[in-house]
file data01.csv (CSV, C-alpha atoms)
chain,number,residue,atom,x,y,z
A,1,MET,CA,82.3,101.0,80.0
A,2,ALA,CA,85.9,100.4,81.1
A,3,GLU,CA,87.0,101.2,77.5
A,4,ASP,CA,85.3,104.6,77.6
A,5,ILE,CA,86.9,105.4,80.9
A,6,THR,CA,90.3,104.4,79.7
A,7,THR,CA,89.9,106.6,76.6
A,8,THR,CA,88.8,109.6,78.7
A,9,VAL,CA,91.7,109.3,81.1
A,10,ALA,CA,94.2,108.8,78.2
A,11,GLN,CA,93.0,112.0,76.5
A,12,THR,CA,93.4,114.1,79.7
A,13,THR,CA,96.8,112.6,80.8
A,14,PRO,CA,100.0,114.2,79.7
A,15,GLU,CA,102.1,112.1,77.3
A,16,PRO,CA,105.0,110.4,79.0
A,17,LYS,CA,108.5,111.5,78.3
A,18,ILE,CA,110.8,109.5,75.9
A,19,ASP,CA,112.7,107.8,78.7
A,20,GLU,CA,109.5,106.9,80.5
A,21,VAL,CA,108.1,105.4,77.2
A,22,LYS,CA,111.2,103.2,77.1
A,23,ALA,CA,110.9,102.4,80.8
A,24,LEU,CA,107.2,101.4,80.3
A,25,ALA,CA,108.2,99.0,77.5
A,26,ASP,CA,110.9,97.5,79.7
A,27,ILE,CA,108.6,97.1,82.6
A,28,LYS,CA,105.9,95.5,80.5
A,29,ALA,CA,108.5,93.1,79.0
A,30,ALA,CA,109.9,92.3,82.5
A,31,HIS,CA,106.4,91.7,83.8
A,32,LYS,CA,105.7,89.2,81.0
A,33,LYS,CA,109.0,87.4,81.5
A,34,ILE,CA,108.5,87.1,85.3
A,35,LEU,CA,105.1,85.5,84.8
A,36,ALA,CA,106.5,83.1,82.2
A,37,GLU,CA,109.5,82.2,84.4
A,38,ILE,CA,107.5,81.7,87.6
A,39,GLY,CA,105.0,79.5,85.6
A,40,LYS,CA,107.8,76.9,85.3
A,41,VAL,CA,107.6,76.1,89.0
A,42,PHE,CA,104.4,77.8,90.3
A,43,ILE,CA,101.4,76.6,88.3
A,44,GLY,CA,98.4,78.9,88.1
A,45,GLN,CA,97.4,81.5,90.7
A,46,THR,CA,98.3,84.3,88.2
A,47,LYS,CA,96.2,86.8,90.0
A,48,VAL,CA,98.0,86.2,93.3
A,49,VAL,CA,101.4,86.5,91.6
A,50,GLU,CA,100.4,89.8,89.9
A,51,GLU,CA,99.0,91.3,93.2
A,52,VAL,CA,102.3,90.5,94.9
A,53,LEU,CA,104.2,92.1,92.1
A,54,TYR,CA,102.0,95.2,92.3
A,55,ALA,CA,102.8,95.6,96.0
A,56,MET,CA,106.6,95.1,95.4
A,57,PHE,CA,106.8,97.8,92.7
A,58,ALA,CA,104.7,100.1,94.9
A,59,GLN,CA,107.1,99.5,97.9
A,60,GLY,CA,104.5,97.7,99.9
A,61,HIS,CA,104.3,94.5,102.0
A,62,VAL,CA,101.9,91.6,101.5
A,63,LEU,CA,100.0,89.3,103.8
A,64,LEU,CA,99.4,85.9,102.1
A,65,ILE,CA,96.5,83.9,103.5
A,66,GLY,CA,95.8,80.4,102.4
A,67,VAL,CA,95.5,76.8,103.7
A,68,PRO,CA,98.7,74.7,103.8
A,69,GLY,CA,100.0,73.2,100.6
A,70,LEU,CA,99.0,76.0,98.2
A,71,GLY,CA,102.6,77.0,97.5
A,72,LYS,CA,102.9,80.3,99.5
A,73,THR,CA,106.5,79.6,100.4
A,74,LEU,CA,107.4,78.4,96.9
A,75,LEU,CA,105.9,81.6,95.5
A,76,VAL,CA,108.0,83.9,97.7
A,77,ASN,CA,111.2,81.9,97.2
A,78,SER,CA,110.7,81.9,93.4
A,79,LEU,CA,110.1,85.7,93.3
A,80,ALA,CA,113.3,86.2,95.3
A,81,GLN,CA,115.3,84.3,92.6
A,82,LEU,CA,113.6,86.1,89.7
A,83,LEU,CA,114.3,89.5,91.2
A,84,ASP,CA,117.8,88.5,92.2
A,85,LEU,CA,117.3,89.7,95.8
A,86,GLN,CA,118.6,88.5,99.2
A,87,PHE,CA,116.0,86.2,100.7
A,88,LYS,CA,115.5,84.9,104.2
A,89,ARG,CA,112.8,82.9,105.8
A,90,VAL,CA,111.7,83.0,109.4
A,91,GLN,CA,109.4,80.3,110.8
A,92,PHE,CA,107.3,82.2,113.4
A,93,THR,CA,106.7,80.1,116.5
A,94,PRO,CA,105.4,80.9,120.0
A,95,ASP,CA,108.9,80.9,121.5
A,96,LEU,CA,110.4,83.3,118.9
A,97,MET,CA,111.8,86.4,120.6
A,98,PRO,CA,112.3,89.9,119.0
A,99,THR,CA,116.1,89.5,119.1
A,100,ASP,CA,115.7,86.3,117.1
A,101,ILE,CA,114.6,88.4,114.1
A,102,VAL,CA,116.2,91.8,114.7
A,103,GLY,CA,119.5,90.7,116.0
A,104,THR,CA,121.4,91.0,119.3
A,105,GLU,CA,124.6,92.4,120.7
A,106,ILE,CA,127.3,90.1,121.9
A,107,ILE,CA,130.5,90.7,123.9
A,108,GLU,CA,133.6,90.2,121.8
A,109,GLU,CA,137.1,90.0,123.4
A,110,ASN,CA,140.2,91.1,121.6
A,111,MET,CA,142.7,88.3,122.3
A,112,LYS,CA,145.7,90.6,122.0
A,113,THR,CA,144.6,93.5,124.2
A,114,GLY,CA,142.1,91.8,126.3
A,115,GLU,CA,139.6,94.6,125.6
A,116,ARG,CA,135.9,93.6,125.4
A,117,ASN,CA,133.5,95.3,123.1
A,118,PHE,CA,129.9,94.9,122.1
A,119,ARG,CA,129.3,93.7,118.5
A,120,PHE,CA,125.8,93.7,116.9
A,121,VAL,CA,125.0,90.4,115.1
A,122,LYS,CA,122.3,91.1,112.5
A,123,GLY,CA,119.2,89.0,112.5
A,124,PRO,CA,117.2,87.7,109.5
A,125,LEU,CA,115.4,91.1,109.1
A,126,PHE,CA,118.6,92.3,107.4
A,127,THR,CA,117.6,91.1,104.0
A,128,GLN,CA,115.6,92.3,101.0
A,129,ILE,CA,112.8,89.8,100.9
A,130,LEU,CA,111.7,88.4,104.2
A,131,LEU,CA,109.3,85.5,104.4
A,132,ALA,CA,107.5,85.7,107.7
A,133,ASP,CA,106.0,82.2,107.7
A,134,GLU,CA,102.9,81.8,109.9
A,135,ILE,CA,103.2,85.2,111.4
A,136,ASN,CA,100.2,84.7,113.6
A,137,ARG,CA,101.9,81.9,115.6
A,138,THR,CA,104.3,84.3,117.4
A,139,PRO,CA,103.4,86.6,120.4
A,140,PRO,CA,102.5,90.3,119.8
A,141,LYS,CA,105.9,91.4,121.2
A,142,THR,CA,107.7,89.7,118.4
A,143,GLN,CA,105.1,90.7,115.8
A,144,ALA,CA,105.7,94.3,116.8
A,145,ALA,CA,109.4,94.0,116.2
A,146,LEU,CA,108.5,94.0,112.5
A,147,LEU,CA,106.6,97.3,112.7
A,148,GLN,CA,109.6,99.7,112.4
A,149,ALA,CA,111.2,97.7,109.7
A,150,MET,CA,108.0,97.6,107.6
A,151,GLN,CA,107.1,101.2,108.0
A,152,GLU,CA,110.5,103.0,108.1
A,153,ARG,CA,112.9,100.5,106.5
A,154,LYS,CA,115.0,100.9,109.7
A,155,ILE,CA,115.9,98.7,112.7
A,156,THR,CA,116.8,100.1,116.1
A,157,SER,CA,118.9,98.0,118.6
A,158,GLY,CA,119.8,99.8,121.8
A,159,SER,CA,120.8,103.3,120.9
A,160,THR,CA,121.8,102.5,117.3
A,161,THR,CA,119.5,102.7,114.2
A,162,TYR,CA,120.4,100.6,111.2
A,163,GLN,CA,119.1,101.4,107.7
A,164,LEU,CA,117.8,98.4,105.8
A,165,GLU,CA,119.0,97.8,102.2
A,166,GLU,CA,116.4,98.7,99.5
A,167,PRO,CA,114.4,97.2,98.1
A,168,PHE,CA,112.9,95.6,101.2
A,169,PHE,CA,109.7,93.5,101.2
A,170,VAL,CA,108.0,91.6,103.9
A,171,LEU,CA,105.7,88.8,102.7
A,172,ALA,CA,104.0,87.1,105.6
A,173,THR,CA,101.9,84.0,105.5
A,174,GLN,CA,98.9,83.0,107.6
A,175,ASN,CA,96.8,79.9,107.9
A,176,PRO,CA,93.1,81.0,108.0
A,177,ILE,CA,91.7,77.8,109.4
A,178,GLU,CA,94.0,76.8,112.3
A,179,GLN,CA,93.4,79.3,115.1
A,180,GLU,CA,94.4,77.3,118.2
A,181,GLY,CA,97.7,78.5,119.7
A,182,THR,CA,97.8,81.6,117.4
A,183,TYR,CA,98.0,85.3,118.2
A,184,PRO,CA,95.8,87.4,115.9
A,185,LEU,CA,97.7,90.3,114.3
A,186,PRO,CA,96.9,93.7,116.0
A,187,GLU,CA,95.2,96.3,113.7
A,188,ALA,CA,98.3,98.5,113.8
A,189,GLN,CA,100.4,95.7,112.3
A,190,LEU,CA,97.7,94.6,109.8
A,191,ASP,CA,97.5,98.2,108.5
A,192,ARG,CA,101.2,98.0,107.6
A,193,PHE,CA,100.5,95.4,105.0
A,194,MET,CA,99.6,97.0,101.7
A,195,PHE,CA,97.7,94.0,100.4
A,196,ASN,CA,95.9,91.0,102.0
A,197,VAL,CA,96.1,88.4,99.2
A,198,ARG,CA,94.0,85.3,99.5
A,199,MET,CA,95.2,82.1,97.9
A,200,GLU,CA,92.3,79.7,97.0
A,201,TYR,CA,92.3,76.1,95.9
A,202,PRO,CA,93.3,75.8,92.2
A,203,PRO,CA,90.7,74.8,89.6
A,204,LEU,CA,90.7,71.1,88.6
A,205,GLU,CA,92.6,71.5,85.3
A,206,GLU,CA,95.3,73.7,87.0
A,207,GLU,CA,95.8,71.2,89.8
A,208,ILE,CA,96.2,68.4,87.2
A,209,THR,CA,98.8,70.4,85.4
A,210,MET,CA,100.5,71.2,88.7
A,211,VAL,CA,100.6,67.5,89.8
A,212,ARG,CA,101.9,66.4,86.4
A,213,ALA,CA,104.7,69.1,86.5
A,214,THR,CA,105.8,68.5,90.1
A,215,THR,CA,105.9,64.8,90.2
A,216,GLY,CA,108.1,64.2,87.2
A,217,GLY,CA,111.8,63.9,87.0
A,218,THR,CA,112.7,67.5,86.0
A,219,VAL,CA,112.3,70.7,87.9
A,220,GLY,CA,112.3,74.0,86.1
A,221,SER,CA,115.2,76.4,86.8
A,222,LEU,CA,114.6,80.1,87.2
A,223,SER,CA,116.7,82.9,85.5
A,224,PRO,CA,116.8,86.3,87.2
A,225,VAL,CA,114.8,89.0,85.4
A,226,LEU,CA,115.6,92.1,87.4
A,227,ASP,CA,118.1,93.1,90.1
A,228,GLY,CA,117.8,95.4,93.1
A,229,ILE,CA,119.1,98.5,91.3
A,230,ARG,CA,116.7,98.1,88.4
A,231,ILE,CA,113.8,97.4,90.8
A,232,ARG,CA,114.5,100.7,92.7
A,233,GLU,CA,114.5,102.5,89.4
A,234,LEU,CA,111.2,101.0,88.4
A,235,GLN,CA,109.7,101.9,91.8
A,236,GLU,CA,110.6,105.5,91.1
A,237,ILE,CA,108.8,105.4,87.8
A,238,VAL,CA,105.7,104.0,89.5
A,239,ARG,CA,105.8,107.0,91.9
A,240,ARG,CA,105.9,109.4,88.9
A,241,VAL,CA,102.8,108.1,87.3
A,242,PRO,CA,100.2,110.9,87.2
A,243,VAL,CA,96.7,110.4,88.7
A,244,SER,CA,93.8,112.5,87.9
A,245,ASP,CA,91.7,114.2,90.6
A,246,ARG,CA,88.8,112.1,89.4
A,247,VAL,CA,90.5,108.8,90.1
A,248,ILE,CA,91.8,110.0,93.5
A,249,ARG,CA,88.3,111.1,94.5
A,250,TYR,CA,87.0,107.6,93.4
A,251,ALA,CA,89.6,105.8,95.6
A,252,VAL,CA,88.9,108.0,98.6
A,253,SER,CA,85.2,107.6,98.1
A,254,ILE,CA,85.5,103.8,98.2
A,255,ALA,CA,87.6,103.9,101.4
A,256,GLU,CA,85.2,106.4,103.0
A,257,ALA,CA,82.2,104.1,102.1
A,258,THR,CA,83.6,101.4,104.5
A,259,ARG,CA,83.2,103.7,107.5
A,260,PRO,CA,80.0,103.4,109.6
A,261,GLY,CA,78.3,106.3,111.2
A,262,ARG,CA,79.0,108.8,108.4
A,263,GLU,CA,76.4,111.0,106.8
A,264,LYS,CA,76.4,109.0,103.6
A,265,SER,CA,77.1,105.5,105.1
A,266,ALA,CA,75.1,102.8,103.5
A,267,GLY,CA,72.7,100.8,105.7
A,268,PHE,CA,74.7,97.5,105.3
A,269,VAL,CA,77.8,99.4,106.4
A,270,ASN,CA,76.2,100.6,109.6
A,271,ASP,CA,74.7,97.2,110.2
A,272,PHE,CA,77.8,95.0,109.8
A,273,ILE,CA,81.0,97.1,110.2
A,274,THR,CA,82.5,98.2,113.6
A,275,TRP,CA,85.1,100.4,111.9
A,276,GLY,CA,86.3,100.8,108.4
A,277,ALA,CA,89.5,101.6,106.4
A,278,GLY,CA,91.6,104.7,107.3
A,279,PRO,CA,93.4,107.1,105.0
A,280,ARG,CA,96.3,104.6,104.5
A,281,ALA,CA,93.8,102.5,102.5
A,282,SER,CA,93.2,105.4,100.0
A,283,GLN,CA,97.0,105.9,99.7
A,284,TYR,CA,97.5,102.2,99.0
A,285,LEU,CA,94.7,102.1,96.5
A,286,ILE,CA,96.4,104.8,94.5
A,287,LEU,CA,99.9,103.4,94.8
A,288,GLY,CA,98.8,99.9,93.9
A,289,ALA,CA,96.8,101.2,91.0
A,290,LYS,CA,99.9,103.1,89.7
A,291,ALA,CA,102.0,99.9,89.9
A,292,ARG,CA,99.2,97.9,88.1
A,293,ALA,CA,99.0,100.5,85.3
A,294,VAL,CA,102.8,100.6,84.8
A,295,LEU,CA,103.1,96.8,84.7
A,296,HIS,CA,100.4,96.7,82.0
A,297,GLY,CA,102.3,99.4,80.0
A,298,ARG,CA,100.2,102.4,80.8
A,299,PHE,CA,101.4,105.8,82.2
A,300,TYR,CA,98.0,106.7,83.7
A,301,VAL,CA,95.7,105.3,86.2
A,302,ALA,CA,92.0,104.4,85.5
A,303,CYS,CA,89.1,103.7,87.9
A,304,GLU,CA,89.3,100.0,86.8
A,305,ASP,CA,92.7,99.8,88.5
A,306,ILE,CA,91.2,101.0,91.7
A,307,ARG,CA,88.4,98.4,91.5
A,308,ALA,CA,90.8,95.6,90.7
A,309,LEU,CA,92.8,96.2,93.9
A,310,ALA,CA,89.9,97.1,96.3
A,311,PHE,CA,89.6,93.7,97.7
A,312,ALA,CA,93.3,93.2,98.4
A,313,VAL,CA,93.6,96.7,100.0
A,314,LEU,CA,90.4,96.8,102.1
A,315,ARG,CA,89.6,93.2,103.3
A,316,HIS,CA,92.0,93.4,106.3
A,317,ARG,CA,91.0,97.0,107.1
A,318,ILE,CA,87.4,96.3,107.7
A,319,MET,CA,86.4,95.1,111.2
A,320,LEU,CA,83.1,93.2,111.0
A,321,ASN,CA,80.7,93.1,114.0
A,322,PHE,CA,79.0,90.1,115.5
A,323,SER,CA,75.9,90.5,113.3
A,324,ALA,CA,78.0,90.1,110.2
A,325,GLU,CA,79.7,87.0,111.6
A,326,ALA,CA,76.3,85.5,112.7
A,327,GLU,CA,74.9,86.0,109.2
A,328,GLY,CA,78.0,84.6,107.4
A,329,ILE,CA,78.9,88.0,105.8
A,330,SER,CA,82.5,88.4,104.9
A,331,ALA,CA,84.6,91.5,104.2
A,332,ASP,CA,84.7,90.6,100.5
A,333,THR,CA,80.9,90.6,100.5
A,334,ILE,CA,80.9,94.1,101.9
A,335,ILE,CA,83.5,95.3,99.5
A,336,GLU,CA,81.6,93.9,96.6
A,337,LYS,CA,78.5,95.8,97.7
A,338,ILE,CA,80.5,99.0,98.2
A,339,LEU,CA,82.0,98.8,94.6
A,340,LYS,CA,78.4,98.5,93.3
A,341,ALA,CA,77.2,101.4,95.5
A,342,VAL,CA,80.0,103.9,94.9
A,343,PRO,CA,79.7,105.5,91.4
A,344,GLU,CA,82.6,106.8,89.4
A,345,PRO,CA,83.0,110.6,89.7
A,346,ALA,CA,81.9,112.7,86.7
A,347,ALA,CA,84.8,113.6,84.4
call {"tool": "encode", "arguments": {"input": "data01.csv", "output": "structure tokens"}}
result
Amino acid sequence: MAEDITTTVAQTTPEPKIDEVKALADIKAAHKKILAEIGKVFIGQTKVVEEVLYAMFAQGHVLLIGVPGLGKTLLVNSLAQLLDLQFKRVQFTPDLMPTDIVGTEIIEENMKTGERNFRFVKGPLFTQILLADEINRTPPKTQAALLQAMQERKITSGSTTYQLEEPFFVLATQNPIEQEGTYPLPEAQLDRFMFNVRMEYPPLEEEITMVRATTGGTVGSLSPVLDGIRIRELQEIVRRVPVSDRVIRYAVSIAEATRPGREKSAGFVNDFITWGAGPRASQYLILGAKARAVLHGRFYVACEDIRALAFAVLRHRIMLNFSAEAEGISADTIIEKILKAVPEPAA
């Protein structure tokens, strides 16, 4: 069925311009090279790597969730090298203050004149890729310091606003099993993350390959594939990808299907969801689908792109109630049911 959909969309989508055709070929080649390079040091987890790349090229941020030891930090560090971007890591702890990540003003004295002036010392937020490690271990006040940077790509200190250098990505990690001494992310902050990407234990054969590769005497070196200027150009190309009204309607219908109390809400949605995804989920479904299409060499978006990203976009935007928790129903279970219940719009 996916092939029929793809054929229909391709026939109704305008042909890309010559420069866009070349750009698509370049992006597809870069995508392939990134996966090959990162495979030298980060074994397996291809789906995770691709979802992070989709978010980056769609100018979104990612929340990586997984138990310790799966390579979340290694993944982010490796991507920073491959994309030739400034990289900083912040270990979020209970005593971390907003000024520790944003920066602070210090008094500086001119030794010749004796004059004293305030000088702003930039914090680690002034980078291009920020790894916010264990973001749920720091208090809400410090978590909130990320909000303006993530949404507006700006930082305000006192009366001065500083523009962050583009591209700017926040990749935050969170441990799903250790909850003692943590501060759950507020919904407003969760919504700023384009994707919630879950890292699972690797299959047996992948883990054997990983152990063999990482316990030997040689460590793979990474060669940059793209730089900041080229990434910004590719982000603009992603934005220009046309999307049919049919695909937009499908994305919005999926987001709307997560909301309880609506006229067409399914019974399982009313029974197990306190509140569902807002309009930002629909926007991120489309933007992520555009990036996915471009990285796979297509200048059009199909419904299969929306389905492929539904879990990453929706799982942190669905608030389950007590009944769902009591019955062991997860957000992913709900999303799977929604994808089966929501039909593709007629062409």
call {"tool": "residues_near_point", "arguments": {"input": "data01.csv", "point": "(107.7, 85.5, 105.4)", "cutoff": "9 Å", "atoms": "only C-alpha atoms", "output": "MDAnalysis selection string"}}
result
chainID A and resid 63:64 73 76 88:92 129:135 170:173
call {"tool": "closest_residue", "arguments": {"input": "data01.csv", "among": "A:Ala266, A:Ala188, A:Ala144, A:Leu222", "to": "Asn77 of chain A", "atoms": "all atoms listed in the file"}}
result
A:Leu222
call {"tool": "closest_atom_pairs", "arguments": {"input": "data01.csv", "of": "segment 51-114 of chain A", "to": "segment 22-37 of chain A", "cutoff": "9 Å", "atoms": "all atoms listed in the file", "output": "tab-separated table"}}
result
residue	atom	partner	partner_atom	distance
A:Leu53	CA	A:His31	CA	8.6
A:Leu79	CA	A:Ile34	CA	8.3
A:Leu82	CA	A:Ile34	CA	6.8
A:Leu83	CA	A:Ile34	CA	8.6
call {"tool": "residues_around", "arguments": {"input": "data01.csv", "residues": "Pro202 of chain A", "least_positions_apart": "4", "cutoff": "10 Å", "atoms": "all atoms listed in the file", "output": "list in words"}}
result
Ile43, Gly44, Gln45, Leu70, Glu206, Glu207, Ile208 and Met210 of chain A
call {"tool": "residues_around", "arguments": {"input": "data01.csv", "residues": "segment 189-199 of chain A", "least_positions_apart": "2", "cutoff": "6 Å", "atoms": "all atoms listed in the file", "output": "list in words"}}
result
Gly60, His61, Val62, Leu63, Leu64, Ile65, Gly66, Pro186, Glu187, Ala312 and Val313 of chain A
call {"tool": "closest_residue", "arguments": {"input": "data01.csv", "among": "A:Leu147, A:Ser159, A:Ala289, A:Phe118", "to": "Tyr54 of chain A", "atoms": "only C-alpha atoms"}}
result
A:Ala289
call {"tool": "closest_residue", "arguments": {"input": "data01.csv", "among": "A:Asp332, A:Glu20, A:Glu109, A:Glu233", "to": "Glu166 of chain A", "atoms": "only C-alpha atoms"}}
result
A:Glu233
call {"tool": "atom_distance", "arguments": {"input": "data01.csv", "atom1": "atom CA of Glu327 of chain A", "atom2": "atom CA of Arg280 of chain A"}}
result
28.7 Å
call {"tool": "atom_distance", "arguments": {"input": "data01.csv", "atom1": "atom CA of Arg292 of chain A", "atom2": "atom CA of Glu165 of chain A"}}
result
24.3 Å
call {"tool": "atom_distance", "arguments": {"input": "data01.csv", "atom1": "atom CA of Ile248 of chain A", "atom2": "atom CA of Asp271 of chain A"}}
result
27.1 Å
